[in-house]
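Single-structure report; data block below.
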Amino acid sequence: WTVNVTDHVKANGIFEQLSFQTISNQNKDQVINELLPAFSLDPETTIIDWIRLCYLPKGGLVATIMNWNTPRSAINETSAMNSMTISVSDVGAALARAKDIGMYLEEGEKPAYKSMPIYGNVLVARAFLEKGSCPIEFCCFSNQQPLGSLQ
């Protein structure tokens with residue numbers, strides 16, 4: 001999962017609090033821009049302030065946190081759809097912890113059942129890495145409702 005953030009210091013701290021382990025960090029002087037032309041970006045003018053690769057030991061999920069300077073990371077419709085799902089045993093507790101570690105919750109956010117392909121109705125709640133951007137869903141696959149019971 002690649003996430004573009006406007007504040008890598010805060011995002012890095014949140015990922016650490018979510019138990020992600022750092023693989024590597026690169027500041028703007030260490031980022032190699034050779035691959036940028038493939039994305040129609042000029043390696044001479046593009047500046048990436050920070051890149052962190054990190055992983056969640058349970059499950060092996062890998063995240064790349066990027067803080068762009070030029071072009072600047074922005075919060076927009078695309079970043080609001082760039083979501084990650086983390087499996088947890090207690091969605092309510094995960095949501096409370098997300099709030100405690102500085103993630104943003106929408107007004108009235110609480111665990112609710114959601115119909116998912118293959119898994120059926122599972123308990124889910126969502127918090128944002130930055131306000132309006134990069135949602136992380138906390139999902140409990142073992143606390144399911146029978147299919148057809150969603151309201």
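By order of appearance in the structure tokens: chains A, B, ..., then residues from 1 within every chain, and ligands from 1 in the order shown.
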task = Name the residues of range 13-77 of chain A that fall into strand (DSSP E) according to DSSP on the backbone, using the chain letters and numbers of this document, as a ChimeraX atom specification.
result = /A:21-27,47-56,61-70
Residues as selected, N, CA and C atoms, written as a PDB file, in the first residue's frame, can you do that?
```
ATOM      1  N   GLN A  21       6.653  -2.106  11.575  1.00  0.00           N
ATOM      2  CA  GLN A  21       8.096  -2.063  11.789  1.00  0.00           C
ATOM      3  C   GLN A  21       8.762  -1.426  10.566  1.00  0.00           C
ATOM      4  N   THR A  22       9.729  -0.557  10.802  1.00  0.00           N
ATOM      5  CA  THR A  22      10.405   0.145   9.715  1.00  0.00           C
ATOM      6  C   THR A  22      11.383  -0.773   8.988  1.00  0.00           C
ATOM      7  N   ILE A  23      11.286  -0.773   7.675  1.00  0.00           N
ATOM      8  CA  ILE A  23      12.250  -1.475   6.823  1.00  0.00           C
ATOM      9  C   ILE A  23      13.354  -0.495   6.437  1.00  0.00           C
ATOM     10  N   SER A  24      12.939   0.706   5.963  1.00  0.00           N
ATOM     11  CA  SER A  24      13.938   1.711   5.585  1.00  0.00           C
ATOM     12  C   SER A  24      13.303   3.100   5.559  1.00  0.00           C
ATOM     13  N   ASN A  25      14.150   4.099   5.717  1.00  0.00           N
ATOM     14  CA  ASN A  25      13.776   5.500   5.603  1.00  0.00           C
ATOM     15  C   ASN A  25      14.710   6.159   4.599  1.00  0.00           C
ATOM     16  N   GLN A  26      14.154   7.030   3.756  1.00  0.00           N
ATOM     17  CA  GLN A  26      14.987   7.811   2.852  1.00  0.00           C
ATOM     18  C   GLN A  26      14.525   9.263   2.916  1.00  0.00           C
ATOM     19  N   ASN A  27      15.471  10.166   3.192  1.00  0.00           N
ATOM     20  CA  ASN A  27      15.128  11.583   3.125  1.00  0.00           C
ATOM     21  C   ASN A  27      15.345  12.055   1.691  1.00  0.00           C
ATOM     22  N   ILE A  47      10.675  16.565  -6.135  1.00  0.00           N
ATOM     23  CA  ILE A  47      11.328  16.424  -4.831  1.00  0.00           C
ATOM     24  C   ILE A  47      10.411  15.638  -3.901  1.00  0.00           C
ATOM     25  N   ILE A  48      10.911  14.528  -3.412  1.00  0.00           N
ATOM     26  CA  ILE A  48      10.197  13.721  -2.431  1.00  0.00           C
ATOM     27  C   ILE A  48      10.936  13.914  -1.112  1.00  0.00           C
ATOM     28  N   ASP A  49      10.261  14.519  -0.135  1.00  0.00           N
ATOM     29  CA  ASP A  49      10.913  14.827   1.142  1.00  0.00           C
ATOM     30  C   ASP A  49      11.253  13.581   1.940  1.00  0.00           C
ATOM     31  N   TRP A  50      10.368  12.568   1.897  1.00  0.00           N
ATOM     32  CA  TRP A  50      10.584  11.411   2.772  1.00  0.00           C
ATOM     33  C   TRP A  50       9.877  10.191   2.220  1.00  0.00           C
ATOM     34  N   ILE A  51      10.524   9.045   2.317  1.00  0.00           N
ATOM     35  CA  ILE A  51       9.898   7.753   2.000  1.00  0.00           C
ATOM     36  C   ILE A  51      10.219   6.796   3.140  1.00  0.00           C
ATOM     37  N   ARG A  52       9.202   6.129   3.640  1.00  0.00           N
ATOM     38  CA  ARG A  52       9.402   5.064   4.626  1.00  0.00           C
ATOM     39  C   ARG A  52       8.721   3.806   4.109  1.00  0.00           C
ATOM     40  N   LEU A  53       9.472   2.715   4.124  1.00  0.00           N
ATOM     41  CA  LEU A  53       8.902   1.395   3.893  1.00  0.00           C
ATOM     42  C   LEU A  53       8.759   0.739   5.254  1.00  0.00           C
ATOM     43  N   CYS A  54       7.574   0.210   5.528  1.00  0.00           N
ATOM     44  CA  CYS A  54       7.346  -0.449   6.810  1.00  0.00           C
ATOM     45  C   CYS A  54       6.402  -1.629   6.613  1.00  0.00           C
ATOM     46  N   TYR A  55       6.375  -2.531   7.570  1.00  0.00           N
ATOM     47  CA  TYR A  55       5.537  -3.726   7.425  1.00  0.00           C
ATOM     48  C   TYR A  55       4.884  -4.077   8.755  1.00  0.00           C
ATOM     49  N   LEU A  56       3.771  -4.764   8.646  1.00  0.00           N
ATOM     50  CA  LEU A  56       3.049  -5.251   9.804  1.00  0.00           C
ATOM     51  C   LEU A  56       3.453  -6.702  10.002  1.00  0.00           C
ATOM     52  N   LEU A  61       1.724  -7.210   5.802  1.00  0.00           N
ATOM     53  CA  LEU A  61       1.301  -6.051   5.030  1.00  0.00           C
ATOM     54  C   LEU A  61       2.435  -5.037   4.973  1.00  0.00           C
ATOM     55  N   VAL A  62       2.768  -4.563   3.759  1.00  0.00           N
ATOM     56  CA  VAL A  62       3.840  -3.587   3.580  1.00  0.00           C
ATOM     57  C   VAL A  62       3.232  -2.253   3.160  1.00  0.00           C
ATOM     58  N   ALA A  63       3.692  -1.173   3.777  1.00  0.00           N
ATOM     59  CA  ALA A  63       3.226   0.173   3.442  1.00  0.00           C
ATOM     60  C   ALA A  63       4.417   1.034   3.034  1.00  0.00           C
ATOM     61  N   THR A  64       4.195   1.904   2.065  1.00  0.00           N
ATOM     62  CA  THR A  64       5.169   2.908   1.653  1.00  0.00           C
ATOM     63  C   THR A  64       4.553   4.266   1.951  1.00  0.00           C
ATOM     64  N   ILE A  65       5.174   5.016   2.832  1.00  0.00           N
ATOM     65  CA  ILE A  65       4.692   6.342   3.206  1.00  0.00           C
ATOM     66  C   ILE A  65       5.564   7.357   2.479  1.00  0.00           C
ATOM     67  N   MET A  66       4.920   8.219   1.682  1.00  0.00           N
ATOM     68  CA  MET A  66       5.665   9.202   0.889  1.00  0.00           C
ATOM     69  C   MET A  66       5.167  10.604   1.186  1.00  0.00           C
ATOM     70  N   ASN A  67       6.085  11.517   1.389  1.00  0.00           N
ATOM     71  CA  ASN A  67       5.774  12.932   1.583  1.00  0.00           C
ATOM     72  C   ASN A  67       6.434  13.696   0.427  1.00  0.00           C
ATOM     73  N   TRP A  68       5.610  14.136  -0.518  1.00  0.00           N
ATOM     74  CA  TRP A  68       6.093  14.830  -1.698  1.00  0.00           C
ATOM     75  C   TRP A  68       6.166  16.330  -1.443  1.00  0.00           C
ATOM     76  N   ASN A  69       7.216  16.958  -1.968  1.00  0.00           N
ATOM     77  CA  ASN A  69       7.346  18.409  -1.887  1.00  0.00           C
ATOM     78  C   ASN A  69       6.965  19.034  -3.224  1.00  0.00           C
ATOM     79  N   THR A  70       7.553  18.539  -4.303  1.00  0.00           N
ATOM     80  CA  THR A  70       7.279  19.038  -5.645  1.00  0.00           C
ATOM     81  C   THR A  70       7.081  17.845  -6.578  1.00  0.00           C
TER      82      THR A  70
END
```
task = Using DSSP on the backbone coordinates, identify the residues of range 4-138 of chain A assigned to alpha helix (DSSP H); present them as an MDAnalysis selection string.
result = chainID A and resid 8:17 77:81 91:100
key: Surrounding residues of range 89-105 of chain A excluding itself and chain neighbours under 4 positions, 10 Å, only C-alpha atoms, as an MDAnalysis selection string   = chainID A and resid 10:11 13:18 109:112 123:133 135:143
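As for CA of Ser73 in chain A and CA of Thr2 in chain A, they are spaced 12.4 Å apart.
Coordinates place CA of Ser87 in chain A at a distance of 13.4 Å from CA of Met116 in chain A.
Here CA of Lys58 in chain A is placed at a distance of 14.9 Å from CA of Met84 in chain A.
The closest residue to Leu41 in chain A, picked from A:Pro71, A:Val5, A:Asn76, A:Lys114 and counting only C-alpha atoms, is A:Pro71.
Proximity to Thr45 in chain A was assessed for A:Thr85, A:Gly120, A:Arg72, A:Pro57 counting only C-alpha atoms; the smallest distance is recorded for A:Arg72.
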